[in-house]
Amino acid sequence: MIKVIKSGISAAAAADMDAKVKVTVENTLKDIETRGDAAVRELSEKFDSWSPESFRLSNEEVQAAMARLPPQTIDDIKFAQTQIRKFAEIQLASLHEVEEETLPGVTLGHKNIPVNSVGCYIPGGKYPMVASAHMSVLTAKVAGVKRVIACAPPHSGGPNDAIVAAMQLAGADEIYCLGGIQAVGSMALGTETIAPVDMLVGPGNVFVAEAKRQLYGRVGIDLFAGPTETLIIADDTCDGEMVATDLLGQAEHGTNSPAILLTNSAKLVADTQEQIKLQLKTLATADVAGQAWRDYGQIILCETEEELLAEADRISSEHVQVMTRDPNYFLENMTNYGALFLGPETNVAYGDKVIGTNHTLPTKRAARYTGGLWVGKFIKTCTYQRVTPEATATIGEVCSRLCALEGFAGHKAQADIRVARYKEKAP
């Protein structure tokens, strides 16, 4: 039997907040589309107190930002990017173009074509999300995208040096200090000074996520990546201290970040609750993590592994940590997740920052139908066909009959003209 020990905010309350965000974003995007740079500047002044002569950083400004960083920081960024590049290249190598003769005279194939231009959003308001530059800009470049632009909001009164360095080292072609709806709106819609892109990628707050949702169709998007979610599946082989650390470690992302414990151990429930109280007394980000846990944290107690699995797939969380006797049971059977972290030796922070997998992952149960960001998201798999005169005479007769079956006279004519022209020439 499944028992909810602690529930988060109600679905109705969450829907009400989503509706308010939707209206705000819709009006803001209309303003950007109508007034362009003027609207972008007003929004940046209003929300970030930031109105430089140019939102785009010059090469001199980029180099100055990098020069201000300690060599160790540059080395650490390069280390992380090496891991992410390595795994992205492995993924790229798994994508193959094909061409086969499927019938005599009929050749079908597909080509993998990178998107021409991509806009990457790197969150940086409350926390400078340096790693998001690696995950988006670098992955797009490995995929072969020709023009990659990157936006991050000002942090502490100006561009964050580490984010700028990460963008530059990842290969960004244009770097902007611009945040929020105004950033994703200007990249997608274009302004007098920012040429529009074909695709938007990157995580963000609820306003950024909703802006991407509303812009989808006019541009492509990677996925709906809203506030961070974490799910921990644990049994009595795990301890409350580690579970609490990992729950709060993701809850600190934002006050609306869901963190869920799914377990079959009543003792672990009690130990975790006690540890959360203790750790919130000393955690530097307790103001954020504590509110997130209070409003969005959940604890669900199950009896069996089968119930744990069923609940985990229902929740379809962005991040799933598995700390049980047999983590591979969930690897082999679970179907809905953004990324899995198997065993107590790993954790979401590794995936977020350095290990090599991408941290832009599906939220709000989107893991039911999509995975996370990877090189394949930047690549269009486009089909083509080639037919000989002999084959078109044969295929055309079948096509003509099928078009007649559906009442498509114009389609039928396309087939008939080829049958008439090429059948008589066939040996």
# chains A, B, ... in the order shown; residues from 1 in each chain; ligands from 1
>>> residues_around(residues="stretch 215-230 of chain A", least_positions_apart="3", cutoff="8 Å", atoms="only C-alpha atoms", output="PyMOL selection string")
chain A and resi 185+188+197-206+208-209+211-212+247+250-251+253-254+256-260+317-321+360-364+366+370+372-373+377
>>> closest_atom_pairs(of="stretch 127-216 of chain A", to="stretch 34-49 of chain A", cutoff="9 Å", atoms="only C-alpha atoms", output="CSV")
residue,atom,partner,partner_atom,distance
A:Pro153,CA,A:Asp48,CA,7.6
A:Pro154,CA,A:Asp48,CA,6.9
A:His155,CA,A:Asp48,CA,8.6
A:Gly157,CA,A:Ser49,CA,7.7
A:Leu178,CA,A:Ser44,CA,7.1
A:Gly179,CA,A:Ser44,CA,7.3
A:Gly180,CA,A:Ser44,CA,8.4
A:Ile181,CA,A:Leu43,CA,8.6
A:Gln182,CA,A:Val40,CA,5.4
A:Ala183,CA,A:Val40,CA,7.8
A:Gly185,CA,A:Val40,CA,8.6
A:Ser186,CA,A:Val40,CA,7.3
A:Leu189,CA,A:Gly36,CA,8.7
A:Gly190,CA,A:Gly36,CA,7.5
A:Thr191,CA,A:Gly36,CA,4.7
A:Glu192,CA,A:Asp37,CA,6.2
A:Thr193,CA,A:Asp37,CA,7.2
A:Ile194,CA,A:Asp37,CA,8.6
>>> write_last_selection(atoms="all heavy atoms", output="compact mmCIF listing (two decimals), in the first residue's frame")
# COMPACT_ATOMS: atom_id res chain seq x y z
N PRO A 153 21.70 36.47 -17.42
CA PRO A 153 21.37 37.73 -16.76
C PRO A 153 22.55 38.29 -15.98
O PRO A 153 23.50 37.56 -15.67
CB PRO A 153 20.23 37.34 -15.81
CG PRO A 153 20.43 35.89 -15.55
CD PRO A 153 21.02 35.33 -16.81
N PRO A 154 22.52 39.60 -15.69
CA PRO A 154 23.58 40.16 -14.84
C PRO A 154 23.53 39.53 -13.46
O PRO A 154 22.47 39.13 -12.97
CB PRO A 154 23.23 41.65 -14.80
CG PRO A 154 21.79 41.73 -15.12
CD PRO A 154 21.50 40.59 -16.05
N HIS A 155 24.69 39.43 -12.84
CA HIS A 155 24.81 38.87 -11.49
C HIS A 155 25.65 39.83 -10.67
O HIS A 155 26.78 40.15 -11.03
CB HIS A 155 25.46 37.49 -11.55
CG HIS A 155 25.54 36.81 -10.22
ND1 HIS A 155 24.47 36.15 -9.66
CD2 HIS A 155 26.56 36.68 -9.33
CE1 HIS A 155 24.82 35.65 -8.49
NE2 HIS A 155 26.08 35.95 -8.27
N GLY A 157 25.30 42.98 -10.39
CA GLY A 157 25.52 44.26 -11.06
C GLY A 157 26.21 44.22 -12.40
O GLY A 157 26.53 45.28 -12.96
N LEU A 178 21.96 39.42 -20.57
CA LEU A 178 20.53 39.69 -20.67
C LEU A 178 19.79 38.50 -20.08
O LEU A 178 20.17 37.35 -20.35
CB LEU A 178 20.16 39.88 -22.14
CG LEU A 178 18.78 40.44 -22.49
CD1 LEU A 178 18.59 41.83 -21.90
CD2 LEU A 178 18.63 40.48 -24.02
N GLY A 179 18.76 38.76 -19.29
CA GLY A 179 18.09 37.66 -18.60
C GLY A 179 16.60 37.62 -18.81
O GLY A 179 15.99 38.49 -19.43
N GLY A 180 15.99 36.54 -18.29
CA GLY A 180 14.56 36.42 -18.22
C GLY A 180 13.83 36.32 -19.55
O GLY A 180 14.38 35.91 -20.57
N ILE A 181 12.56 36.71 -19.53
CA ILE A 181 11.72 36.66 -20.73
C ILE A 181 12.33 37.50 -21.83
O ILE A 181 12.27 37.15 -23.01
CB ILE A 181 10.29 37.16 -20.42
CG1 ILE A 181 9.68 36.40 -19.25
CG2 ILE A 181 9.40 37.04 -21.65
CD1 ILE A 181 8.37 37.01 -18.75
N GLN A 182 12.95 38.62 -21.45
CA GLN A 182 13.53 39.52 -22.46
C GLN A 182 14.67 38.84 -23.22
O GLN A 182 14.90 39.13 -24.40
CB GLN A 182 14.00 40.83 -21.84
CG GLN A 182 14.98 40.74 -20.70
CD GLN A 182 14.34 40.63 -19.33
OE1 GLN A 182 13.23 40.13 -19.21
NE2 GLN A 182 15.04 41.10 -18.31
N ALA A 183 15.38 37.94 -22.57
CA ALA A 183 16.47 37.23 -23.23
C ALA A 183 15.95 36.21 -24.24
O ALA A 183 16.31 36.24 -25.41
CB ALA A 183 17.37 36.55 -22.20
N GLY A 185 12.94 35.94 -25.41
CA GLY A 185 12.09 36.60 -26.40
C GLY A 185 12.89 37.26 -27.50
O GLY A 185 12.56 37.14 -28.68
N SER A 186 13.96 37.95 -27.13
CA SER A 186 14.77 38.64 -28.15
C SER A 186 15.52 37.64 -29.02
O SER A 186 15.68 37.86 -30.23
CB SER A 186 15.75 39.61 -27.48
OG SER A 186 16.64 38.94 -26.60
N LEU A 189 12.51 36.00 -31.27
CA LEU A 189 11.77 36.91 -32.14
C LEU A 189 12.68 37.83 -32.93
O LEU A 189 12.33 38.29 -34.01
CB LEU A 189 10.80 37.75 -31.30
CG LEU A 189 9.78 36.96 -30.48
CD1 LEU A 189 9.03 37.88 -29.53
CD2 LEU A 189 8.80 36.23 -31.40
N GLY A 190 13.87 38.09 -32.38
CA GLY A 190 14.78 39.03 -33.01
C GLY A 190 14.43 40.47 -32.67
O GLY A 190 13.26 40.80 -32.40
N THR A 191 15.43 41.32 -32.63
CA THR A 191 15.24 42.76 -32.42
C THR A 191 16.12 43.48 -33.43
O THR A 191 16.73 42.87 -34.30
CB THR A 191 15.65 43.18 -30.99
OG1 THR A 191 17.09 43.10 -30.87
CG2 THR A 191 15.01 42.31 -29.92
N GLU A 192 16.21 44.80 -33.29
CA GLU A 192 17.06 45.57 -34.19
C GLU A 192 18.53 45.17 -34.08
O GLU A 192 19.29 45.30 -35.04
CB GLU A 192 16.92 47.07 -33.93
CG GLU A 192 15.52 47.62 -34.13
CD GLU A 192 14.66 47.59 -32.87
OE1 GLU A 192 14.83 46.66 -32.04
OE2 GLU A 192 13.83 48.51 -32.71
N THR A 193 18.94 44.67 -32.92
CA THR A 193 20.36 44.37 -32.70
C THR A 193 20.66 42.89 -32.49
O THR A 193 21.82 42.50 -32.42
CB THR A 193 20.88 45.15 -31.47
OG1 THR A 193 20.10 44.79 -30.32
CG2 THR A 193 20.81 46.65 -31.70
N ILE A 194 19.63 42.06 -32.37
CA ILE A 194 19.84 40.63 -32.18
C ILE A 194 19.11 39.87 -33.28
O ILE A 194 17.88 39.93 -33.37
CB ILE A 194 19.34 40.16 -30.80
CG1 ILE A 194 20.03 40.92 -29.68
CG2 ILE A 194 19.57 38.66 -30.63
CD1 ILE A 194 19.54 40.58 -28.27
>>> select_by_dssp(residues="stretch 41-131 of chain A", states="alpha helix (DSSP H)", output="JSON, numbers by chain")
{"A": [41, 42, 43, 44, 45, 46, 47, 48, 59, 60, 61, 62, 63, 64, 65, 66, 67, 71, 72, 73, 74, 75, 76, 77, 78, 79, 80, 81, 82, 83, 84, 85, 86, 87, 88, 89, 90, 91, 92, 93, 130, 131]}
>>> write_last_selection(atoms="C-alpha atoms", output="PDB file, in the first residue's frame")
ATOM      1  CA  ARG A  41      15.919  47.543 -22.440  1.00  0.00           C
ATOM      2  CA  GLU A  42      12.937  48.592 -20.302  1.00  0.00           C
ATOM      3  CA  LEU A  43      12.491  45.030 -19.049  1.00  0.00           C
ATOM      4  CA  SER A  44      16.185  44.686 -18.240  1.00  0.00           C
ATOM      5  CA  GLU A  45      16.115  47.965 -16.327  1.00  0.00           C
ATOM      6  CA  LYS A  46      12.960  46.950 -14.455  1.00  0.00           C
ATOM      7  CA  PHE A  47      13.931  43.437 -13.426  1.00  0.00           C
ATOM      8  CA  ASP A  48      17.734  43.479 -13.381  1.00  0.00           C
ATOM      9  CA  ASN A  59      35.716  40.557 -27.363  1.00  0.00           C
ATOM     10  CA  GLU A  60      37.643  42.920 -25.075  1.00  0.00           C
ATOM     11  CA  GLU A  61      34.987  42.572 -22.360  1.00  0.00           C
ATOM     12  CA  VAL A  62      35.037  38.785 -22.709  1.00  0.00           C
ATOM     13  CA  GLN A  63      38.818  38.611 -22.433  1.00  0.00           C
ATOM     14  CA  ALA A  64      38.802  40.967 -19.438  1.00  0.00           C
ATOM     15  CA  ALA A  65      36.251  38.753 -17.656  1.00  0.00           C
ATOM     16  CA  MET A  66      38.404  35.691 -18.220  1.00  0.00           C
ATOM     17  CA  ALA A  67      41.524  37.515 -17.034  1.00  0.00           C
ATOM     18  CA  PRO A  71      43.709  30.047 -13.061  1.00  0.00           C
ATOM     19  CA  GLN A  72      42.170  27.227 -10.981  1.00  0.00           C
ATOM     20  CA  THR A  73      38.674  28.356 -11.988  1.00  0.00           C
ATOM     21  CA  ILE A  74      39.616  28.355 -15.669  1.00  0.00           C
ATOM     22  CA  ASP A  75      41.160  24.893 -15.256  1.00  0.00           C
ATOM     23  CA  ASP A  76      38.028  23.583 -13.519  1.00  0.00           C
ATOM     24  CA  ILE A  77      35.781  24.932 -16.278  1.00  0.00           C
ATOM     25  CA  LYS A  78      38.021  23.312 -18.889  1.00  0.00           C
ATOM     26  CA  PHE A  79      37.954  20.003 -16.989  1.00  0.00           C
ATOM     27  CA  ALA A  80      34.151  19.979 -16.872  1.00  0.00           C
ATOM     28  CA  GLN A  81      33.907  20.922 -20.535  1.00  0.00           C
ATOM     29  CA  THR A  82      36.303  18.124 -21.485  1.00  0.00           C
ATOM     30  CA  GLN A  83      34.000  15.574 -19.817  1.00  0.00           C
ATOM     31  CA  ILE A  84      30.870  17.023 -21.423  1.00  0.00           C
ATOM     32  CA  ARG A  85      32.506  17.279 -24.858  1.00  0.00           C
ATOM     33  CA  LYS A  86      33.754  13.692 -24.613  1.00  0.00           C
ATOM     34  CA  PHE A  87      30.305  12.266 -23.882  1.00  0.00           C
ATOM     35  CA  ALA A  88      28.638  14.506 -26.494  1.00  0.00           C
ATOM     36  CA  GLU A  89      31.117  13.250 -29.115  1.00  0.00           C
ATOM     37  CA  ILE A  90      30.348   9.653 -28.113  1.00  0.00           C
ATOM     38  CA  GLN A  91      26.647  10.371 -28.573  1.00  0.00           C
ATOM     39  CA  LEU A  92      27.265  12.074 -31.927  1.00  0.00           C
ATOM     40  CA  ALA A  93      29.188   9.023 -33.133  1.00  0.00           C
ATOM     41  CA  VAL A 130      28.210  28.261 -15.064  1.00  0.00           C
ATOM     42  CA  ALA A 131      27.561  24.618 -15.955  1.00  0.00           C
TER      43      ALA A 131
END
>>> residues_around(residues="A:Ser316", least_positions_apart="6", cutoff="7 Å", atoms="only C-alpha atoms", output="VMD selection string")
chain A and resid 336 to 337 365 367 to 368
>>> write_last_selection(atoms="C-alpha atoms", output="compact mmCIF listing (two decimals), in the first residue's frame")
# COMPACT_ATOMS: atom_id res chain seq x y z
CA ASN A 336 9.99 7.76 -17.04
CA TYR A 337 12.94 9.86 -15.86
CA ARG A 365 6.35 14.94 -16.11
CA ALA A 367 9.99 12.63 -19.02
CA ARG A 368 7.00 10.50 -20.08
>>> atom_distance(atom1="atom CA of A:Ala172", atom2="atom CA of A:Gly119")
9.7 Å
>>> select_by_dssp(residues="stretch 167-371 of chain A", states="strand (DSSP E or B)", output="short mmCIF file (atom, residue, chain, number, x, y, z; two decimals) with all heavy atoms, in the first residue's frame")
data_model
loop_
_atom_site.label_atom_id
_atom_site.label_comp_id
_atom_site.auth_asym_id
_atom_site.auth_seq_id
_atom_site.Cartn_x
_atom_site.Cartn_y
_atom_site.Cartn_z
N GLU A 174 28.22 34.63 -30.07
CA GLU A 174 27.78 35.94 -29.55
C GLU A 174 27.42 35.75 -28.09
O GLU A 174 26.74 34.78 -27.74
CB GLU A 174 26.57 36.46 -30.33
CG GLU A 174 26.79 36.64 -31.82
CD GLU A 174 25.48 36.81 -32.58
OE1 GLU A 174 24.50 37.33 -31.98
OE2 GLU A 174 25.42 36.41 -33.76
N ILE A 175 27.84 36.67 -27.24
CA ILE A 175 27.58 36.58 -25.81
C ILE A 175 26.85 37.84 -25.36
O ILE A 175 27.30 38.96 -25.63
CB ILE A 175 28.90 36.42 -25.02
CG1 ILE A 175 29.55 35.07 -25.37
CG2 ILE A 175 28.65 36.52 -23.51
CD1 ILE A 175 30.92 34.87 -24.75
N TYR A 176 25.73 37.66 -24.68
CA TYR A 176 24.90 38.78 -24.23
C TYR A 176 24.70 38.68 -22.71
O TYR A 176 24.54 37.59 -22.17
CB TYR A 176 23.53 38.75 -24.89
CG TYR A 176 23.57 38.93 -26.39
CD1 TYR A 176 23.77 37.85 -27.24
CD2 TYR A 176 23.40 40.18 -26.97
CE1 TYR A 176 23.82 38.00 -28.61
CE2 TYR A 176 23.44 40.36 -28.35
CZ TYR A 176 23.65 39.26 -29.16
OH TYR A 176 23.69 39.41 -30.53
N CYS A 177 24.68 39.83 -22.08
CA CYS A 177 24.31 39.90 -20.66
C CYS A 177 22.87 40.37 -20.60
O CYS A 177 22.58 41.57 -20.62
CB CYS A 177 25.24 40.85 -19.91
SG CYS A 177 24.92 40.86 -18.12
N MET A 199 16.29 27.99 -32.85
CA MET A 199 16.00 27.08 -31.75
C MET A 199 16.46 27.69 -30.43
O MET A 199 17.48 28.38 -30.39
CB MET A 199 16.73 25.75 -31.99
CG MET A 199 16.49 24.67 -30.96
SD MET A 199 17.38 23.15 -31.42
CE MET A 199 16.86 22.07 -30.09
N LEU A 200 15.69 27.47 -29.38
CA LEU A 200 16.03 27.92 -28.03
C LEU A 200 16.31 26.71 -27.14
O LEU A 200 15.57 25.73 -27.19
CB LEU A 200 14.87 28.70 -27.40
CG LEU A 200 14.56 30.09 -27.90
CD1 LEU A 200 13.27 30.59 -27.24
CD2 LEU A 200 15.70 31.05 -27.62
N VAL A 201 17.36 26.81 -26.33
CA VAL A 201 17.65 25.73 -25.39
C VAL A 201 18.09 26.31 -24.05
O VAL A 201 18.48 27.47 -23.96
CB VAL A 201 18.77 24.78 -25.90
CG1 VAL A 201 18.39 24.18 -27.25
CG2 VAL A 201 20.10 25.50 -26.01
N TYR A 216 7.39 28.09 -28.76
CA TYR A 216 7.56 26.83 -29.49
C TYR A 216 6.64 26.82 -30.70
O TYR A 216 5.45 27.11 -30.63
CB TYR A 216 7.24 25.65 -28.58
CG TYR A 216 7.31 24.31 -29.27
CD1 TYR A 216 8.46 23.91 -29.92
CD2 TYR A 216 6.21 23.45 -29.28
CE1 TYR A 216 8.54 22.68 -30.55
CE2 TYR A 216 6.28 22.23 -29.91
CZ TYR A 216 7.45 21.84 -30.55
OH TYR A 216 7.51 20.63 -31.18
N VAL A 219 9.90 28.92 -33.08
CA VAL A 219 11.26 28.36 -33.05
C VAL A 219 11.16 26.98 -32.43
O VAL A 219 10.16 26.64 -31.79
CB VAL A 219 12.23 29.23 -32.22
CG1 VAL A 219 12.44 30.59 -32.85
CG2 VAL A 219 11.74 29.38 -30.77
N GLY A 220 12.19 26.18 -32.62
CA GLY A 220 12.24 24.91 -31.92
C GLY A 220 12.72 25.14 -30.50
O GLY A 220 13.32 26.17 -30.17
N ILE A 221 12.44 24.18 -29.63
CA ILE A 221 12.99 24.23 -28.27
C ILE A 221 13.56 22.85 -27.95
O ILE A 221 13.25 21.86 -28.62
CB ILE A 221 11.95 24.63 -27.21
CG1 ILE A 221 10.83 23.58 -27.09
CG2 ILE A 221 11.36 26.00 -27.51
CD1 ILE A 221 9.94 23.79 -25.87
N THR A 230 13.78 16.72 -8.01
CA THR A 230 14.59 15.55 -7.65
C THR A 230 13.73 14.52 -6.93
O THR A 230 12.85 14.86 -6.14
CB THR A 230 15.80 15.94 -6.78
OG1 THR A 230 16.71 14.87 -6.74
CG2 THR A 230 15.40 16.32 -5.36
N LEU A 231 13.97 13.27 -7.26
CA LEU A 231 13.30 12.15 -6.62
C LEU A 231 14.36 11.20 -6.11
O LEU A 231 15.28 10.82 -6.85
CB LEU A 231 12.41 11.41 -7.64
CG LEU A 231 11.84 10.05 -7.21
CD1 LEU A 231 10.83 10.24 -6.08
CD2 LEU A 231 11.19 9.34 -8.39
N ILE A 232 14.27 10.84 -4.85
CA ILE A 232 15.18 9.85 -4.28
C ILE A 232 14.41 8.59 -3.96
O ILE A 232 13.40 8.62 -3.24
CB ILE A 232 15.87 10.40 -3.02
CG1 ILE A 232 16.81 11.55 -3.39
CG2 ILE A 232 16.64 9.28 -2.29
CD1 ILE A 232 17.52 12.17 -2.21
N ILE A 233 14.87 7.48 -4.54
CA ILE A 233 14.31 6.16 -4.24
C ILE A 233 15.31 5.46 -3.32
O ILE A 233 16.46 5.23 -3.71
CB ILE A 233 14.11 5.33 -5.51
CG1 ILE A 233 13.25 6.10 -6.53
CG2 ILE A 233 13.47 3.99 -5.18
CD1 ILE A 233 13.17 5.43 -7.89
N ALA A 234 14.89 5.16 -2.11
CA ALA A 234 15.84 4.60 -1.14
C ALA A 234 15.16 3.54 -0.28
O ALA A 234 13.95 3.60 -0.04
CB ALA A 234 16.41 5.70 -0.27
N ALA A 259 11.17 18.28 -4.25
CA ALA A 259 12.11 17.25 -3.80
C ALA A 259 11.30 16.17 -3.11
O ALA A 259 10.53 16.45 -2.19
CB ALA A 259 13.14 17.84 -2.85
N ILE A 260 11.46 14.92 -3.57
CA ILE A 260 10.58 13.83 -3.12
C ILE A 260 11.41 12.64 -2.66
O ILE A 260 12.37 12.25 -3.33
CB ILE A 260 9.65 13.38 -4.27
CG1 ILE A 260 8.83 14.55 -4.80
CG2 ILE A 260 8.73 12.25 -3.79
CD1 ILE A 260 8.03 14.22 -6.05
N LEU A 261 11.02 12.09 -1.51
CA LEU A 261 11.59 10.82 -1.04
C LEU A 261 10.56 9.72 -1.25
O LEU A 261 9.42 9.83 -0.79
CB LEU A 261 11.97 10.89 0.44
CG LEU A 261 12.32 9.55 1.10
CD1 LEU A 261 13.53 8.89 0.42
CD2 LEU A 261 12.57 9.72 2.60
N LEU A 262 10.97 8.68 -1.95
CA LEU A 262 10.14 7.51 -2.19
C LEU A 262 10.85 6.33 -1.56
O LEU A 262 11.97 5.99 -1.93
CB LEU A 262 10.00 7.32 -3.70
CG LEU A 262 9.06 6.25 -4.24
CD1 LEU A 262 7.64 6.47 -3.76
CD2 LEU A 262 9.10 6.26 -5.77
N THR A 263 10.23 5.72 -0.56
CA THR A 263 10.93 4.67 0.20
C THR A 263 9.97 3.60 0.69
O THR A 263 8.75 3.82 0.74
CB THR A 263 11.68 5.29 1.39
OG1 THR A 263 12.42 4.27 2.08
CG2 THR A 263 10.72 5.95 2.37
N GLN A 298 7.96 16.21 -0.66
CA GLN A 298 7.03 15.10 -0.45
C GLN A 298 7.78 13.88 0.10
O GLN A 298 8.96 13.69 -0.20
CB GLN A 298 6.35 14.68 -1.77
CG GLN A 298 5.48 15.74 -2.41
CD GLN A 298 4.84 15.22 -3.69
OE1 GLN A 298 4.24 14.14 -3.72
NE2 GLN A 298 4.97 15.98 -4.77
N ILE A 299 7.07 13.08 0.86
CA ILE A 299 7.57 11.78 1.31
C ILE A 299 6.47 10.76 1.05
O ILE A 299 5.33 10.94 1.49
CB ILE A 299 7.95 11.77 2.80
CG1 ILE A 299 9.08 12.78 3.06
CG2 ILE A 299 8.37 10.37 3.23
CD1 ILE A 299 9.45 12.89 4.53
N ILE A 300 6.81 9.70 0.33
CA ILE A 300 5.84 8.67 -0.02
C ILE A 300 6.39 7.33 0.45
O ILE A 300 7.51 6.94 0.09
CB ILE A 300 5.58 8.64 -1.54
CG1 ILE A 300 5.05 10.02 -2.01
CG2 ILE A 300 4.59 7.54 -1.90
CD1 ILE A 300 4.95 10.16 -3.51
N LEU A 301 5.62 6.62 1.24
CA LEU A 301 6.03 5.34 1.80
C LEU A 301 5.31 4.20 1.07
O LEU A 301 4.08 4.19 0.96
CB LEU A 301 5.70 5.29 3.29
CG LEU A 301 6.10 4.03 4.06
CD1 LEU A 301 7.61 3.83 4.03
CD2 LEU A 301 5.58 4.09 5.50
N HIS A 319 15.31 14.43 -12.10
CA HIS A 319 16.45 13.68 -11.57
C HIS A 319 15.94 12.55 -10.68
O HIS A 319 15.05 12.77 -9.86
CB HIS A 319 17.35 14.58 -10.70
CG HIS A 319 17.83 15.81 -11.38
ND1 HIS A 319 17.29 17.06 -11.13
CD2 HIS A 319 18.80 16.00 -12.30
CE1 HIS A 319 17.92 17.96 -11.86
NE2 HIS A 319 18.84 17.35 -12.59
N VAL A 320 16.52 11.37 -10.81
CA VAL A 320 16.14 10.25 -9.95
C VAL A 320 17.41 9.62 -9.39
O VAL A 320 18.23 9.08 -10.14
CB VAL A 320 15.32 9.20 -10.72
CG1 VAL A 320 14.95 8.05 -9.78
CG2 VAL A 320 14.06 9.82 -11.31
N GLN A 321 17.57 9.71 -8.08
CA GLN A 321 18.67 9.02 -7.40
C GLN A 321 18.14 7.72 -6.82
O GLN A 321 17.09 7.69 -6.17
CB GLN A 321 19.23 9.87 -6.26
CG GLN A 321 20.11 11.01 -6.72
CD GLN A 321 20.78 11.71 -5.55
OE1 GLN A 321 20.74 12.92 -5.45
NE2 GLN A 321 21.42 10.95 -4.68
N VAL A 322 18.87 6.63 -7.08
CA VAL A 322 18.45 5.32 -6.59
C VAL A 322 19.51 4.82 -5.61
O VAL A 322 20.65 4.56 -5.97
CB VAL A 322 18.30 4.31 -7.75
CG1 VAL A 322 17.80 2.98 -7.21
CG2 VAL A 322 17.33 4.86 -8.81
N MET A 323 19.11 4.70 -4.35
CA MET A 323 20.02 4.21 -3.31
C MET A 323 19.35 3.05 -2.60
O MET A 323 18.79 3.17 -1.51
CB MET A 323 20.38 5.35 -2.35
CG MET A 323 21.18 6.45 -3.05
SD MET A 323 21.80 7.77 -1.96
CE MET A 323 20.30 8.71 -1.67
N ALA A 339 17.15 11.78 -15.82
CA ALA A 339 18.46 11.15 -15.67
C ALA A 339 18.45 10.31 -14.40
O ALA A 339 17.87 10.71 -13.38
CB ALA A 339 19.56 12.20 -15.59
N LEU A 340 19.12 9.15 -14.47
CA LEU A 340 19.24 8.26 -13.33
C LEU A 340 20.63 8.36 -12.71
O LEU A 340 21.62 8.44 -13.44
CB LEU A 340 19.01 6.80 -13.75
CG LEU A 340 17.59 6.26 -13.85
CD1 LEU A 340 17.62 4.80 -14.28
CD2 LEU A 340 16.83 6.41 -12.53
N PHE A 341 20.67 8.32 -11.39
CA PHE A 341 21.93 8.32 -10.65
C PHE A 341 21.90 7.08 -9.75
O PHE A 341 21.14 7.02 -8.79
CB PHE A 341 22.06 9.61 -9.83
CG PHE A 341 22.01 10.84 -10.70
CD1 PHE A 341 20.79 11.37 -11.10
CD2 PHE A 341 23.17 11.44 -11.13
CE1 PHE A 341 20.74 12.49 -11.93
CE2 PHE A 341 23.15 12.55 -11.95
CZ PHE A 341 21.93 13.07 -12.36
N LEU A 342 22.71 6.10 -10.10
CA LEU A 342 22.59 4.76 -9.52
C LEU A 342 23.61 4.52 -8.41
O LEU A 342 24.81 4.57 -8.64
CB LEU A 342 22.75 3.71 -10.62
CG LEU A 342 21.74 3.82 -11.77
CD1 LEU A 342 22.14 2.92 -12.93
CD2 LEU A 342 20.33 3.47 -11.28
#
>>> atom_distance(atom1="atom CA of A:Arg213", atom2="atom CA of A:Met187")
14.1 Å
